[in-house]
>>> print(open('entry.pdb').read())   # PDB, C-alpha atoms, pLDDT in the B column
ATOM      1  CA  MET A   1       0.000   0.000   0.000  1.00 38.00           C
ATOM      2  CA  ALA A   2       1.220   3.481  -0.787  1.00 40.00           C
ATOM      3  CA  PHE A   3       0.258   6.496   1.289  1.00 41.00           C
ATOM      4  CA  TRP A   4       0.080  10.112   0.263  1.00 43.00           C
ATOM      5  CA  ASN A   5       2.675  12.497   1.635  1.00 42.00           C
ATOM      6  CA  LYS A   6       0.578  15.562   2.437  1.00 43.00           C
ATOM      7  CA  LYS A   7       3.508  17.887   1.745  1.00 36.00           C
ATOM      8  CA  LYS A   8       3.741  16.691  -1.831  1.00 45.00           C
ATOM      9  CA  GLN A   9       1.280  18.716  -3.900  1.00 45.00           C
ATOM     10  CA  PRO A  10       0.936  18.910  -7.681  1.00 45.00           C
ATOM     11  CA  GLU A  11       2.181  22.132  -9.213  1.00 53.00           C
ATOM     12  CA  ALA A  12      -0.431  24.789  -9.893  1.00 49.00           C
ATOM     13  CA  GLY A  13      -2.249  24.184 -13.137  1.00 56.00           C
ATOM     14  CA  GLU A  14      -0.866  20.680 -13.566  1.00 74.00           C
ATOM     15  CA  GLY A  15      -3.487  18.272 -14.884  1.00 90.00           C
ATOM     16  CA  PRO A  16      -3.601  14.486 -15.174  1.00 96.00           C
ATOM     17  CA  ASP A  17      -2.154  12.778 -18.231  1.00 97.00           C
ATOM     18  CA  PRO A  18      -5.184  11.323 -20.070  1.00 96.00           C
ATOM     19  CA  SER A  19      -3.059   8.440 -21.373  1.00 95.00           C
ATOM     20  CA  ARG A  20      -2.161   7.151 -17.869  1.00 96.00           C
ATOM     21  CA  LEU A  21      -5.390   7.299 -15.943  1.00 98.00           C
ATOM     22  CA  PRO A  22      -6.437   4.542 -13.513  1.00 98.00           C
ATOM     23  CA  ARG A  23      -9.069   2.100 -14.740  1.00 98.00           C
ATOM     24  CA  HIS A  24     -10.767   1.955 -11.377  1.00 98.00           C
ATOM     25  CA  ILE A  25     -11.023   4.519  -8.559  1.00 98.00           C
ATOM     26  CA  GLY A  26     -12.483   3.843  -5.127  1.00 98.00           C
ATOM     27  CA  ILE A  27     -13.622   6.726  -2.912  1.00 98.00           C
ATOM     28  CA  ILE A  28     -14.517   6.685   0.780  1.00 98.00           C
ATOM     29  CA  MET A  29     -17.038   9.531   0.879  1.00 98.00           C
ATOM     30  CA  ASP A  30     -16.207  10.856   4.350  1.00 97.00           C
ATOM     31  CA  GLY A  31     -16.730  14.153   6.152  1.00 98.00           C
ATOM     32  CA  ASN A  32     -20.383  14.998   5.520  1.00 97.00           C
ATOM     33  CA  GLY A  33     -21.236  15.322   9.214  1.00 97.00           C
ATOM     34  CA  ARG A  34     -18.219  17.474  10.043  1.00 98.00           C
ATOM     35  CA  TRP A  35     -18.922  19.691   7.024  1.00 98.00           C
ATOM     36  CA  ALA A  36     -22.442  20.325   8.333  1.00 98.00           C
ATOM     37  CA  LYS A  37     -21.310  20.876  11.928  1.00 97.00           C
ATOM     38  CA  LYS A  38     -18.802  23.539  10.833  1.00 97.00           C
ATOM     39  CA  ARG A  39     -21.719  25.441   9.287  1.00 98.00           C
ATOM     40  CA  GLY A  40     -24.138  24.973  12.142  1.00 98.00           C
ATOM     41  CA  LEU A  41     -26.307  22.666  10.041  1.00 98.00           C
ATOM     42  CA  PRO A  42     -27.823  19.246  10.830  1.00 97.00           C
ATOM     43  CA  ARG A  43     -25.806  16.235   9.703  1.00 97.00           C
ATOM     44  CA  THR A  44     -28.518  15.455   7.162  1.00 96.00           C
ATOM     45  CA  ALA A  45     -27.597  18.668   5.332  1.00 97.00           C
ATOM     46  CA  GLY A  46     -24.050  17.376   5.026  1.00 97.00           C
ATOM     47  CA  HIS A  47     -25.277  14.152   3.449  1.00 97.00           C
ATOM     48  CA  ALA A  48     -27.379  16.122   0.954  1.00 97.00           C
ATOM     49  CA  ALA A  49     -24.331  18.199  -0.001  1.00 98.00           C
ATOM     50  CA  GLY A  50     -22.244  15.030  -0.248  1.00 97.00           C
ATOM     51  CA  ALA A  51     -24.776  13.510  -2.644  1.00 96.00           C
ATOM     52  CA  GLU A  52     -24.336  16.474  -4.983  1.00 97.00           C
ATOM     53  CA  THR A  53     -20.563  16.051  -4.804  1.00 98.00           C
ATOM     54  CA  PHE A  54     -20.931  12.379  -5.704  1.00 97.00           C
ATOM     55  CA  ARG A  55     -22.927  13.319  -8.797  1.00 95.00           C
ATOM     56  CA  THR A  56     -20.279  15.869  -9.835  1.00 97.00           C
ATOM     57  CA  ILE A  57     -17.355  13.476  -9.337  1.00 98.00           C
ATOM     58  CA  ALA A  58     -19.127  10.627 -11.147  1.00 96.00           C
ATOM     59  CA  TYR A  59     -19.526  12.813 -14.221  1.00 96.00           C
ATOM     60  CA  ARG A  60     -15.924  14.004 -13.949  1.00 97.00           C
ATOM     61  CA  CYS A  61     -14.677  10.395 -13.930  1.00 97.00           C
ATOM     62  CA  ARG A  62     -16.867   9.618 -16.938  1.00 96.00           C
ATOM     63  CA  ASP A  63     -15.629  12.660 -18.839  1.00 96.00           C
ATOM     64  CA  LEU A  64     -12.018  11.692 -18.130  1.00 97.00           C
ATOM     65  CA  GLY A  65     -12.704   8.184 -19.436  1.00 97.00           C
ATOM     66  CA  ILE A  66     -12.268   6.259 -16.169  1.00 98.00           C
ATOM     67  CA  PRO A  67     -14.373   3.091 -16.603  1.00 97.00           C
ATOM     68  CA  TYR A  68     -15.011   2.152 -12.958  1.00 98.00           C
ATOM     69  CA  LEU A  69     -15.848   4.239  -9.906  1.00 98.00           C
ATOM     70  CA  THR A  70     -16.651   2.586  -6.569  1.00 98.00           C
ATOM     71  CA  VAL A  71     -17.998   4.690  -3.707  1.00 98.00           C
ATOM     72  CA  TYR A  72     -18.585   3.881  -0.054  1.00 98.00           C
ATOM     73  CA  ALA A  73     -22.155   5.051   0.514  1.00 97.00           C
ATOM     74  CA  PHE A  74     -23.290   3.162   3.632  1.00 97.00           C
ATOM     75  CA  SER A  75     -21.346   0.654   5.708  1.00 97.00           C
ATOM     76  CA  THR A  76     -22.502  -2.299   7.782  1.00 97.00           C
ATOM     77  CA  GLU A  77     -21.551  -0.208  10.828  1.00 96.00           C
ATOM     78  CA  ASN A  78     -23.554   2.868   9.793  1.00 97.00           C
ATOM     79  CA  TRP A  79     -26.782   1.347  11.146  1.00 97.00           C
ATOM     80  CA  LYS A  80     -25.521   2.471  14.571  1.00 96.00           C
ATOM     81  CA  ARG A  81     -26.169   6.107  13.632  1.00 96.00           C
ATOM     82  CA  PRO A  82     -29.328   7.936  14.763  1.00 96.00           C
ATOM     83  CA  ALA A  83     -32.467   6.667  13.025  1.00 96.00           C
ATOM     84  CA  GLU A  84     -33.186  10.121  11.583  1.00 96.00           C
ATOM     85  CA  GLU A  85     -29.786  10.241   9.918  1.00 96.00           C
ATOM     86  CA  VAL A  86     -30.074   6.701   8.536  1.00 97.00           C
ATOM     87  CA  SER A  87     -33.522   7.507   7.152  1.00 96.00           C
ATOM     88  CA  ALA A  88     -32.183  10.654   5.464  1.00 96.00           C
ATOM     89  CA  ILE A  89     -29.338   8.707   3.823  1.00 96.00           C
ATOM     90  CA  MET A  90     -31.746   6.056   2.547  1.00 97.00           C
ATOM     91  CA  ASP A  91     -34.021   8.774   1.155  1.00 96.00           C
ATOM     92  CA  LEU A  92     -31.106  10.401  -0.669  1.00 96.00           C
ATOM     93  CA  LEU A  93     -30.152   7.019  -2.153  1.00 96.00           C
ATOM     94  CA  ARG A  94     -33.730   6.483  -3.304  1.00 96.00           C
ATOM     95  CA  LYS A  95     -33.837   9.888  -5.004  1.00 95.00           C
ATOM     96  CA  TYR A  96     -30.489   9.273  -6.701  1.00 94.00           C
ATOM     97  CA  LEU A  97     -31.532   5.874  -8.039  1.00 95.00           C
ATOM     98  CA  LEU A  98     -34.813   7.229  -9.391  1.00 95.00           C
ATOM     99  CA  GLU A  99     -32.829   9.905 -11.212  1.00 93.00           C
ATOM    100  CA  ALA A 100     -30.287   7.352 -12.442  1.00 91.00           C
ATOM    101  CA  LEU A 101     -33.027   5.164 -13.905  1.00 92.00           C
ATOM    102  CA  GLU A 102     -34.201   8.088 -16.020  1.00 91.00           C
ATOM    103  CA  LYS A 103     -30.734   9.194 -17.177  1.00 90.00           C
ATOM    104  CA  MET A 104     -28.734   5.962 -17.230  1.00 89.00           C
ATOM    105  CA  GLU A 105     -28.843   5.354 -20.972  1.00 86.00           C
ATOM    106  CA  LYS A 106     -28.207   8.979 -21.912  1.00 89.00           C
ATOM    107  CA  ASP A 107     -25.342   9.310 -19.435  1.00 89.00           C
ATOM    108  CA  GLY A 108     -23.746   5.978 -20.378  1.00 88.00           C
ATOM    109  CA  PHE A 109     -23.581   4.547 -16.833  1.00 91.00           C
ATOM    110  CA  ARG A 110     -24.289   1.157 -15.371  1.00 94.00           C
ATOM    111  CA  ILE A 111     -24.791   0.816 -11.626  1.00 96.00           C
ATOM    112  CA  ARG A 112     -23.999  -2.155  -9.419  1.00 96.00           C
ATOM    113  CA  PHE A 113     -24.137  -2.634  -5.667  1.00 98.00           C
ATOM    114  CA  PHE A 114     -21.551  -4.130  -3.355  1.00 98.00           C
ATOM    115  CA  GLY A 115     -22.863  -5.315  -0.008  1.00 98.00           C
ATOM    116  CA  ASP A 116     -25.837  -7.164   1.414  1.00 98.00           C
ATOM    117  CA  ILE A 117     -28.943  -5.291   0.295  1.00 97.00           C
ATOM    118  CA  GLU A 118     -31.391  -7.670   2.017  1.00 97.00           C
ATOM    119  CA  PRO A 119     -31.667  -5.585   5.236  1.00 96.00           C
ATOM    120  CA  LEU A 120     -32.520  -2.416   3.269  1.00 96.00           C
ATOM    121  CA  PRO A 121     -36.062  -1.019   3.327  1.00 95.00           C
ATOM    122  CA  PRO A 122     -38.109  -3.073   0.804  1.00 96.00           C
ATOM    123  CA  GLU A 123     -38.765  -0.147  -1.549  1.00 95.00           C
ATOM    124  CA  LEU A 124     -35.073   0.767  -1.719  1.00 96.00           C
ATOM    125  CA  ARG A 125     -34.029  -2.873  -2.135  1.00 97.00           C
ATOM    126  CA  GLN A 126     -36.428  -3.286  -5.052  1.00 97.00           C
ATOM    127  CA  LEU A 127     -35.155  -0.052  -6.574  1.00 97.00           C
ATOM    128  CA  CYS A 128     -31.571  -1.361  -6.366  1.00 97.00           C
ATOM    129  CA  LEU A 129     -32.563  -4.541  -8.203  1.00 97.00           C
ATOM    130  CA  GLU A 130     -34.419  -2.544 -10.846  1.00 96.00           C
ATOM    131  CA  THR A 131     -31.427  -0.247 -11.330  1.00 96.00           C
ATOM    132  CA  VAL A 132     -29.057  -3.174 -11.891  1.00 96.00           C
ATOM    133  CA  GLU A 133     -31.497  -4.848 -14.285  1.00 95.00           C
ATOM    134  CA  THR A 134     -32.022  -1.656 -16.276  1.00 94.00           C
ATOM    135  CA  GLY A 135     -28.290  -1.004 -16.464  1.00 92.00           C
ATOM    136  CA  SER A 136     -27.636  -4.490 -17.807  1.00 90.00           C
ATOM    137  CA  HIS A 137     -29.649  -3.556 -20.897  1.00 88.00           C
ATOM    138  CA  VAL A 138     -27.980  -0.189 -21.554  1.00 84.00           C
ATOM    139  CA  ALA A 139     -26.345  -0.659 -24.929  1.00 79.00           C
ATOM    140  CA  GLY A 140     -22.762   0.537 -25.234  1.00 77.00           C
ATOM    141  CA  ALA A 141     -22.371   1.634 -21.600  1.00 82.00           C
ATOM    142  CA  LYS A 142     -18.647   2.220 -20.977  1.00 91.00           C
ATOM    143  CA  TYR A 143     -18.809   3.380 -17.376  1.00 95.00           C
ATOM    144  CA  GLN A 144     -19.825   1.605 -14.210  1.00 96.00           C
ATOM    145  CA  ILE A 145     -20.554   3.003 -10.786  1.00 97.00           C
ATOM    146  CA  ASN A 146     -20.351   0.535  -7.919  1.00 98.00           C
ATOM    147  CA  VAL A 147     -22.234   1.719  -4.842  1.00 98.00           C
ATOM    148  CA  CYS A 148     -21.146   0.075  -1.589  1.00 98.00           C
ATOM    149  CA  LEU A 149     -24.432  -0.142   0.299  1.00 98.00           C
ATOM    150  CA  ASN A 150     -24.695  -1.956   3.627  1.00 98.00           C
ATOM    151  CA  TYR A 151     -21.144  -2.964   2.768  1.00 98.00           C
ATOM    152  CA  GLY A 152     -18.278  -4.123   4.950  1.00 98.00           C
ATOM    153  CA  GLY A 153     -15.098  -5.657   3.592  1.00 98.00           C
ATOM    154  CA  ARG A 154     -14.958  -8.406   6.208  1.00 98.00           C
ATOM    155  CA  ASP A 155     -18.635  -9.170   5.662  1.00 98.00           C
ATOM    156  CA  GLU A 156     -18.006  -9.422   1.917  1.00 98.00           C
ATOM    157  CA  ILE A 157     -15.186 -11.918   2.430  1.00 98.00           C
ATOM    158  CA  LEU A 158     -17.288 -13.991   4.842  1.00 98.00           C
ATOM    159  CA  ARG A 159     -20.204 -14.064   2.403  1.00 98.00           C
ATOM    160  CA  ALA A 160     -17.835 -15.129  -0.370  1.00 98.00           C
ATOM    161  CA  ALA A 161     -16.307 -17.845   1.820  1.00 98.00           C
ATOM    162  CA  ARG A 162     -19.752 -19.215   2.675  1.00 98.00           C
ATOM    163  CA  ALA A 163     -20.747 -19.255  -1.003  1.00 98.00           C
ATOM    164  CA  TRP A 164     -17.540 -21.057  -1.970  1.00 98.00           C
ATOM    165  CA  GLY A 165     -18.055 -23.508   0.901  1.00 98.00           C
ATOM    166  CA  ARG A 166     -21.541 -24.326  -0.304  1.00 98.00           C
ATOM    167  CA  ASP A 167     -20.168 -25.014  -3.781  1.00 98.00           C
ATOM    168  CA  LEU A 168     -17.443 -27.177  -2.243  1.00 98.00           C
ATOM    169  CA  LEU A 169     -19.984 -29.261  -0.339  1.00 98.00           C
ATOM    170  CA  SER A 170     -22.130 -29.670  -3.447  1.00 98.00           C
ATOM    171  CA  GLY A 171     -19.151 -30.835  -5.510  1.00 97.00           C
ATOM    172  CA  ARG A 172     -19.067 -27.806  -7.801  1.00 97.00           C
ATOM    173  CA  GLN A 173     -15.670 -26.852  -6.352  1.00 97.00           C
ATOM    174  CA  GLN A 174     -12.624 -28.830  -5.220  1.00 97.00           C
ATOM    175  CA  VAL A 175     -10.204 -27.746  -2.495  1.00 97.00           C
ATOM    176  CA  GLU A 176      -7.288 -28.015  -4.921  1.00 96.00           C
ATOM    177  CA  ASP A 177      -8.972 -25.590  -7.323  1.00 94.00           C
ATOM    178  CA  LEU A 178      -9.117 -22.694  -4.856  1.00 97.00           C
ATOM    179  CA  THR A 179      -6.962 -19.804  -6.080  1.00 97.00           C
ATOM    180  CA  GLU A 180      -7.088 -16.051  -5.610  1.00 96.00           C
ATOM    181  CA  GLU A 181      -8.761 -15.744  -9.000  1.00 96.00           C
ATOM    182  CA  THR A 182     -11.350 -18.399  -8.162  1.00 97.00           C
ATOM    183  CA  PHE A 183     -12.186 -16.851  -4.797  1.00 97.00           C
ATOM    184  CA  ALA A 184     -12.390 -13.339  -6.255  1.00 97.00           C
ATOM    185  CA  ARG A 185     -15.292 -14.465  -8.421  1.00 97.00           C
ATOM    186  CA  TYR A 186     -17.325 -14.967  -5.224  1.00 98.00           C
ATOM    187  CA  LEU A 187     -16.748 -11.388  -4.073  1.00 98.00           C
ATOM    188  CA  ASP A 188     -19.187  -8.574  -4.814  1.00 98.00           C
ATOM    189  CA  SER A 189     -16.690  -7.157  -7.313  1.00 97.00           C
ATOM    190  CA  GLN A 190     -16.480 -10.496  -9.193  1.00 95.00           C
ATOM    191  CA  THR A 191     -14.808  -9.805 -12.575  1.00 89.00           C
ATOM    192  CA  ILE A 192     -14.321  -6.051 -12.111  1.00 95.00           C
ATOM    193  CA  PRO A 193     -10.638  -5.014 -12.085  1.00 97.00           C
ATOM    194  CA  ASP A 194      -9.243  -4.138  -8.673  1.00 98.00           C
ATOM    195  CA  PRO A 195      -9.049  -0.420  -7.860  1.00 98.00           C
ATOM    196  CA  ASP A 196      -5.825   1.285  -8.867  1.00 98.00           C
ATOM    197  CA  LEU A 197      -6.423   4.284  -6.620  1.00 98.00           C
ATOM    198  CA  ILE A 198      -8.272   4.675  -3.322  1.00 98.00           C
ATOM    199  CA  ILE A 199      -9.119   8.229  -2.261  1.00 98.00           C
ATOM    200  CA  ARG A 200     -10.132   9.174   1.271  1.00 98.00           C
ATOM    201  CA  PRO A 201     -11.181  12.751   1.996  1.00 98.00           C
ATOM    202  CA  SER A 202     -11.666  14.286   5.465  1.00 97.00           C
ATOM    203  CA  GLY A 203      -8.185  13.735   6.927  1.00 97.00           C
ATOM    204  CA  GLU A 204      -8.755  10.208   8.229  1.00 97.00           C
ATOM    205  CA  LEU A 205      -5.956   7.740   7.482  1.00 97.00           C
ATOM    206  CA  ARG A 206      -7.675   4.364   7.393  1.00 95.00           C
ATOM    207  CA  LEU A 207      -9.670   2.086   5.091  1.00 96.00           C
ATOM    208  CA  SER A 208     -12.645   1.658   7.437  1.00 97.00           C
ATOM    209  CA  ASN A 209     -13.438  -1.811   6.068  1.00 98.00           C
ATOM    210  CA  PHE A 210     -13.544  -0.609   2.437  1.00 98.00           C
ATOM    211  CA  LEU A 211     -12.495  -3.150  -0.222  1.00 98.00           C
ATOM    212  CA  PRO A 212      -9.705  -4.800   1.830  1.00 98.00           C
ATOM    213  CA  TRP A 213      -9.244  -7.706  -0.616  1.00 98.00           C
ATOM    214  CA  GLN A 214      -9.423  -5.591  -3.759  1.00 98.00           C
ATOM    215  CA  SER A 215      -7.138  -2.843  -2.401  1.00 97.00           C
ATOM    216  CA  ALA A 216      -4.114  -5.073  -1.762  1.00 96.00           C
ATOM    217  CA  TYR A 217      -2.046  -3.249  -4.398  1.00 96.00           C
ATOM    218  CA  ALA A 218      -3.972  -0.002  -4.715  1.00 97.00           C
ATOM    219  CA  GLU A 219      -2.320   3.384  -4.357  1.00 97.00           C
ATOM    220  CA  PHE A 220      -3.781   5.568  -1.593  1.00 98.00           C
ATOM    221  CA  TYR A 221      -4.415   9.305  -1.592  1.00 98.00           C
ATOM    222  CA  PHE A 222      -5.523  11.105   1.561  1.00 98.00           C
ATOM    223  CA  THR A 223      -6.676  14.700   1.761  1.00 98.00           C
ATOM    224  CA  ASP A 224      -8.056  16.930   4.520  1.00 98.00           C
ATOM    225  CA  VAL A 225     -10.814  18.182   2.202  1.00 98.00           C
ATOM    226  CA  LEU A 226     -14.236  17.150   3.501  1.00 98.00           C
ATOM    227  CA  TRP A 227     -16.319  15.206   0.998  1.00 98.00           C
ATOM    228  CA  PRO A 228     -18.924  17.932   0.266  1.00 98.00           C
ATOM    229  CA  ASP A 229     -16.008  20.241  -0.687  1.00 98.00           C
ATOM    230  CA  PHE A 230     -14.301  17.601  -2.836  1.00 98.00           C
ATOM    231  CA  SER A 231     -14.194  19.120  -6.305  1.00 98.00           C
ATOM    232  CA  PRO A 232     -13.055  17.963  -9.756  1.00 98.00           C
ATOM    233  CA  ALA A 233      -9.882  19.986  -9.125  1.00 97.00           C
ATOM    234  CA  VAL A 234      -9.135  17.911  -6.008  1.00 98.00           C
ATOM    235  CA  LEU A 235      -9.774  14.736  -8.001  1.00 98.00           C
ATOM    236  CA  ASP A 236      -7.319  15.948 -10.632  1.00 98.00           C
ATOM    237  CA  GLU A 237      -4.704  16.531  -7.908  1.00 97.00           C
ATOM    238  CA  ALA A 238      -5.164  12.951  -6.742  1.00 98.00           C
ATOM    239  CA  LEU A 239      -4.786  11.677 -10.298  1.00 98.00           C
ATOM    240  CA  VAL A 240      -1.617  13.692 -10.873  1.00 97.00           C
ATOM    241  CA  ASP A 241      -0.159  12.303  -7.650  1.00 97.00           C
ATOM    242  CA  PHE A 242      -1.155   8.769  -8.697  1.00 97.00           C
ATOM    243  CA  GLN A 243       0.643   9.200 -12.023  1.00 97.00           C
ATOM    244  CA  ARG A 244       3.862  10.068 -10.180  1.00 95.00           C
ATOM    245  CA  ARG A 245       3.871   6.710  -8.393  1.00 93.00           C
ATOM    246  CA  GLN A 246       5.930   3.728  -9.497  1.00 88.00           C
ATOM    247  CA  ARG A 247       3.733   0.652  -9.129  1.00 82.00           C
ATOM    248  CA  ARG A 248       5.911  -2.456  -8.716  1.00 77.00           C
ATOM    249  CA  PHE A 249       3.312  -4.955  -7.410  1.00 75.00           C
ATOM    250  CA  GLY A 250       5.945  -6.561  -5.218  1.00 71.00           C
ATOM    251  CA  GLY A 251       8.647  -6.577  -7.904  1.00 67.00           C
ATOM    252  CA  VAL A 252      11.748  -4.441  -8.351  1.00 56.00           C
TER     253      VAL A 252
END
>>> encode(input="entry.pdb", output="structure tokens")
Amino acid sequence: MAFWNKKKQPEAGEGPDPSRLPRHIGIIMDGNGRWAKKRGLPRTAGHAAGAETFRTIAYRCRDLGIPYLTVYAFSTENWKRPAEEVSAIMDLLRKYLLEALEKMEKDGFRIRFFGDIEPLPPELRQLCLETVETGSHVAGAKYQINVCLNYGGRDEILRAARAWGRDLLSGRQQVEDLTEETFARYLDSQTIPDPDLIIRPSGELRLSNFLPWQSAYAEFYFTDVLWPDFSPAVLDEALVDFQRRQRRFGGV
């Protein structure tokens, strides 16, 4: 894992090289509550502002030609938050998905979900399934957004292990056939390429259970910018920093 040196900033006006962009970016959308608190607003206002930032950054990734964007929207631990806040987040997700269903084909996106969506409110769960189904029929879609919803990295690995174990017991798998590639097909990400770059706003320096398997060789970029203030310019800074890295994948 590589960590960002906060003293190392791209030069003013320097933009990312379009020929060396990552295929897959993961973003931990963090800092909504602190953004709202600094302004004397309820935390729900921070989540609403963060949803607008997500929309902006998704379009920026599409316009740059980055095929995969994975965002951490709601973790398995976020159920511990106040019921009012959880309800507001679910409502924002519902509104976004309704909008996505209308614009998906025109915008060229597909949407998938990582995580266990069974505990979600029935209406939202059904909307998730409808969104995935609709996206599967979008002709020529080049861009995919993966929304981590009721997602935890350890939970994902446990669910994958149980699924593989069931196949082992049924005879569809053999112990000798278990490889990293085989096991990865049981993860929520399945055949999607692993993220090249993980971005965490808000000044926190941890993964928080986000894509631990898939991030084994990802580059990391941390910034103090709170998620609602995360702009396309900040994304470009992260991309420029990523392009300065030398990725050896354990080699010399």
>>> resolve_selection(input="entry.pdb", expression="the PyMOL selection byres ((chain A and resi 184) around 12)", output="ChimeraX atom specification")
/A:156-157,159-161,163-164,178-183,185-194,211,213-214
>>> atom_distance(input="entry.pdb", atom1="CA of Asp155 (chain A)", atom2="CA of Pro195 (chain A)")
18.7 Å
>>> closest_atom_pairs(input="entry.pdb", of="region 36-56 of chain A", to="region 216-239 of chain A", cutoff="10 Å", atoms="all atoms listed in the file", output="tab-separated table")
residue	atom	partner	partner_atom	distance
A:Ala36	CA	A:Pro228	CA	9.1
A:Gly46	CA	A:Pro228	CA	7.0
A:His47	CA	A:Pro228	CA	8.0
A:Ala48	CA	A:Pro228	CA	8.7
A:Ala49	CA	A:Pro228	CA	5.4
A:Gly50	CA	A:Pro228	CA	4.4
A:Ala51	CA	A:Pro228	CA	7.9
A:Glu52	CA	A:Pro228	CA	7.7
A:Thr53	CA	A:Pro228	CA	5.7
A:Phe54	CA	A:Pro228	CA	8.4
A:Thr56	CA	A:Pro232	CA	7.5
>>> resolve_selection(input="entry.pdb", expression="the PyMOL selection byres ((chain A and resi 141) around 8)", output="PyMOL selection string")
chain A and resi 105+108-110+138-140+142-144
>>> residues_around(input="entry.pdb", residues="Tyr96 (chain A)", least_positions_apart="2", cutoff="12 Å", atoms="only C-alpha atoms", output="ChimeraX atom specification")
/A:48,50-52,54-55,73,89-94,98-104,111,124,127-128,131,147
>>> build_atoms(input="entry.pdb", residues="region 64-69 of chain A", atoms="all heavy atoms", output="PDB file, keeping the file's coordinate frame")
ATOM      1  N   LEU A  64     -13.439  12.008 -17.992  1.00 97.00           N
ATOM      2  CA  LEU A  64     -12.018  11.692 -18.130  1.00 97.00           C
ATOM      3  C   LEU A  64     -11.801  10.354 -18.835  1.00 97.00           C
ATOM      4  O   LEU A  64     -10.720  10.099 -19.360  1.00 97.00           O
ATOM      5  CB  LEU A  64     -11.349  11.653 -16.750  1.00 97.00           C
ATOM      6  CG  LEU A  64     -11.093  12.988 -16.059  1.00 97.00           C
ATOM      7  CD1 LEU A  64     -10.707  12.767 -14.609  1.00 97.00           C
ATOM      8  CD2 LEU A  64      -9.995  13.772 -16.785  1.00 97.00           C
ATOM      9  N   GLY A  65     -12.828   9.494 -18.816  1.00 97.00           N
ATOM     10  CA  GLY A  65     -12.704   8.184 -19.436  1.00 97.00           C
ATOM     11  C   GLY A  65     -12.286   7.090 -18.478  1.00 97.00           C
ATOM     12  O   GLY A  65     -11.704   6.085 -18.894  1.00 97.00           O
ATOM     13  N   ILE A  66     -12.587   7.268 -17.176  1.00 98.00           N
ATOM     14  CA  ILE A  66     -12.268   6.259 -16.169  1.00 98.00           C
ATOM     15  C   ILE A  66     -13.433   5.280 -16.098  1.00 98.00           C
ATOM     16  O   ILE A  66     -14.547   5.674 -15.729  1.00 98.00           O
ATOM     17  CB  ILE A  66     -12.008   6.918 -14.807  1.00 98.00           C
ATOM     18  CG1 ILE A  66     -10.765   7.819 -14.906  1.00 98.00           C
ATOM     19  CG2 ILE A  66     -11.830   5.869 -13.713  1.00 98.00           C
ATOM     20  CD1 ILE A  66     -10.543   8.719 -13.702  1.00 98.00           C
ATOM     21  N   PRO A  67     -13.238   4.012 -16.435  1.00 97.00           N
ATOM     22  CA  PRO A  67     -14.373   3.091 -16.603  1.00 97.00           C
ATOM     23  C   PRO A  67     -15.106   2.720 -15.320  1.00 97.00           C
ATOM     24  O   PRO A  67     -16.308   2.468 -15.351  1.00 97.00           O
ATOM     25  CB  PRO A  67     -13.740   1.844 -17.234  1.00 97.00           C
ATOM     26  CG  PRO A  67     -12.406   2.266 -17.731  1.00 97.00           C
ATOM     27  CD  PRO A  67     -11.971   3.389 -16.845  1.00 97.00           C
ATOM     28  N   TYR A  68     -14.392   2.652 -14.185  1.00 98.00           N
ATOM     29  CA  TYR A  68     -15.011   2.152 -12.958  1.00 98.00           C
ATOM     30  C   TYR A  68     -14.799   3.130 -11.802  1.00 98.00           C
ATOM     31  O   TYR A  68     -13.672   3.566 -11.534  1.00 98.00           O
ATOM     32  CB  TYR A  68     -14.433   0.793 -12.550  1.00 98.00           C
ATOM     33  CG  TYR A  68     -14.655  -0.292 -13.569  1.00 98.00           C
ATOM     34  CD1 TYR A  68     -13.661  -0.623 -14.487  1.00 98.00           C
ATOM     35  CD2 TYR A  68     -15.862  -0.991 -13.624  1.00 98.00           C
ATOM     36  CE1 TYR A  68     -13.863  -1.617 -15.422  1.00 98.00           C
ATOM     37  CE2 TYR A  68     -16.065  -1.993 -14.567  1.00 98.00           C
ATOM     38  CZ  TYR A  68     -15.068  -2.293 -15.461  1.00 98.00           C
ATOM     39  OH  TYR A  68     -15.260  -3.282 -16.395  1.00 98.00           O
ATOM     40  N   LEU A  69     -15.885   3.425 -11.117  1.00 98.00           N
ATOM     41  CA  LEU A  69     -15.848   4.239  -9.906  1.00 98.00           C
ATOM     42  C   LEU A  69     -16.625   3.490  -8.828  1.00 98.00           C
ATOM     43  O   LEU A  69     -17.787   3.119  -9.035  1.00 98.00           O
ATOM     44  CB  LEU A  69     -16.488   5.606 -10.151  1.00 98.00           C
ATOM     45  CG  LEU A  69     -16.729   6.482  -8.915  1.00 98.00           C
ATOM     46  CD1 LEU A  69     -15.397   6.884  -8.278  1.00 98.00           C
ATOM     47  CD2 LEU A  69     -17.556   7.717  -9.267  1.00 98.00           C
TER      48      LEU A  69
END
